[in-house]
Amino acid sequence: MDFHRFLKYWLPVILVMLFIFYMSTGTFSSTNTALIIEPLLRFLVPSISEQTVNVIHRIIRKCGHLAEYFFLGTLLFRAFRGGSRESRVWQWILGSGVVVVLYAISDEFHQSFEITRTASSIDVAIDTVGGMVAQIVCAVLHYRGLKQGVPD
C-alpha cells in the first residue's frame, strides 16, 4: 500500500480512534459532561426533574457511543474497501466488524484505568451496535450504487 493510499483510507480511521480514546478519558466523565448538559436542560426546561435530567444525560452519553462507533464503522468499511471496484462486501463487513468489536473492548479496558470512568460490557454492546449499523448502511449504499451503475 502506498503512502497516499494509506493517508486517504487509513489515516481517518486512526484519527477517529484517537478521538474515541480521548473521549474515554476523565475529561469526558459523566460528572464532567453533566456540568454542560444539566444547566442546558434546566435552561431549556426549568421545571425538569432531577430524575429526568439524569435519564436524558444517560441517553445523550449512550447516543455518543453509537455515533462514535457508527462513524468508525463507516470509515473502516471505506478503508477495507480501499477504492476497490470488486464487490467483496462480506469481507469488508467482517474486517470492519472485527476491528469495531476489538476497539470497543480495548476502549472499555482503557476506561477501567481512568479514576472517573468505569468499564462496561453494555457500552461494548452499544459500540458494537453502532459499528454494525454502519456496516448495514455501507453495504446497502454499495449495492444501490452497483445497481444504478454509480461508483461509490
# chains A, B, ... in the order shown; residues from 1 in each chain; ligands from 1

$ residues_around --residues "region 22-34 of chain A" --least-positions-apart "2" --cutoff "7 Å" --atoms "only C-alpha atoms" --output "PyMOL selection string"
chain A and resi 18-20+36-38+57+111+114+116-117

$ residues_around --residues "Leu94 (chain A)" --least-positions-apart "3" --cutoff "10 Å" --atoms "only C-alpha atoms" --output "JSON, numbers by chain"
{"A": [77, 80, 89, 90, 91, 97, 98, 99, 100, 132, 135]}

$ write_last_selection --atoms "N, CA, C and O atoms" --output "compact mmCIF listing (two decimals), in the first residue's frame"
# COMPACT_ATOMS: atom_id res chain seq x y z
N PHE A 77 -15.18 0.44 6.90
CA PHE A 77 -15.71 -0.16 5.66
C PHE A 77 -15.00 0.47 4.46
O PHE A 77 -14.53 -0.21 3.55
N PHE A 80 -11.26 -0.68 4.37
CA PHE A 80 -11.10 -2.06 3.90
C PHE A 80 -11.44 -2.17 2.41
O PHE A 80 -10.82 -2.94 1.69
N VAL A 89 -18.09 -7.26 -0.33
CA VAL A 89 -18.77 -6.60 0.79
C VAL A 89 -18.65 -7.40 2.08
O VAL A 89 -18.39 -6.83 3.14
N TRP A 90 -18.83 -8.72 2.01
CA TRP A 90 -18.78 -9.52 3.23
C TRP A 90 -17.40 -9.48 3.87
O TRP A 90 -17.27 -9.48 5.10
N GLN A 91 -16.35 -9.42 3.07
CA GLN A 91 -15.00 -9.30 3.62
C GLN A 91 -14.81 -7.95 4.30
O GLN A 91 -14.21 -7.86 5.37
N GLY A 97 -16.16 -5.21 11.22
CA GLY A 97 -16.82 -5.67 12.44
C GLY A 97 -15.84 -6.15 13.49
O GLY A 97 -15.98 -5.82 14.68
N VAL A 98 -14.84 -6.89 13.06
CA VAL A 98 -13.82 -7.38 14.00
C VAL A 98 -13.08 -6.21 14.64
O VAL A 98 -12.89 -6.16 15.86
N VAL A 99 -12.69 -5.24 13.83
CA VAL A 99 -11.96 -4.08 14.36
C VAL A 99 -12.85 -3.29 15.31
O VAL A 99 -12.41 -2.87 16.39
N VAL A 100 -14.12 -3.07 14.96
CA VAL A 100 -15.04 -2.34 15.83
C VAL A 100 -15.16 -3.03 17.19
O VAL A 100 -15.05 -2.39 18.23
N MET A 132 -22.02 -1.92 13.71
CA MET A 132 -22.71 -2.86 12.82
C MET A 132 -23.81 -2.16 12.00
O MET A 132 -24.02 -2.51 10.84
N GLN A 135 -22.18 -0.82 9.12
CA GLN A 135 -21.89 -1.83 8.08
C GLN A 135 -23.12 -2.08 7.21
O GLN A 135 -23.01 -2.22 5.99
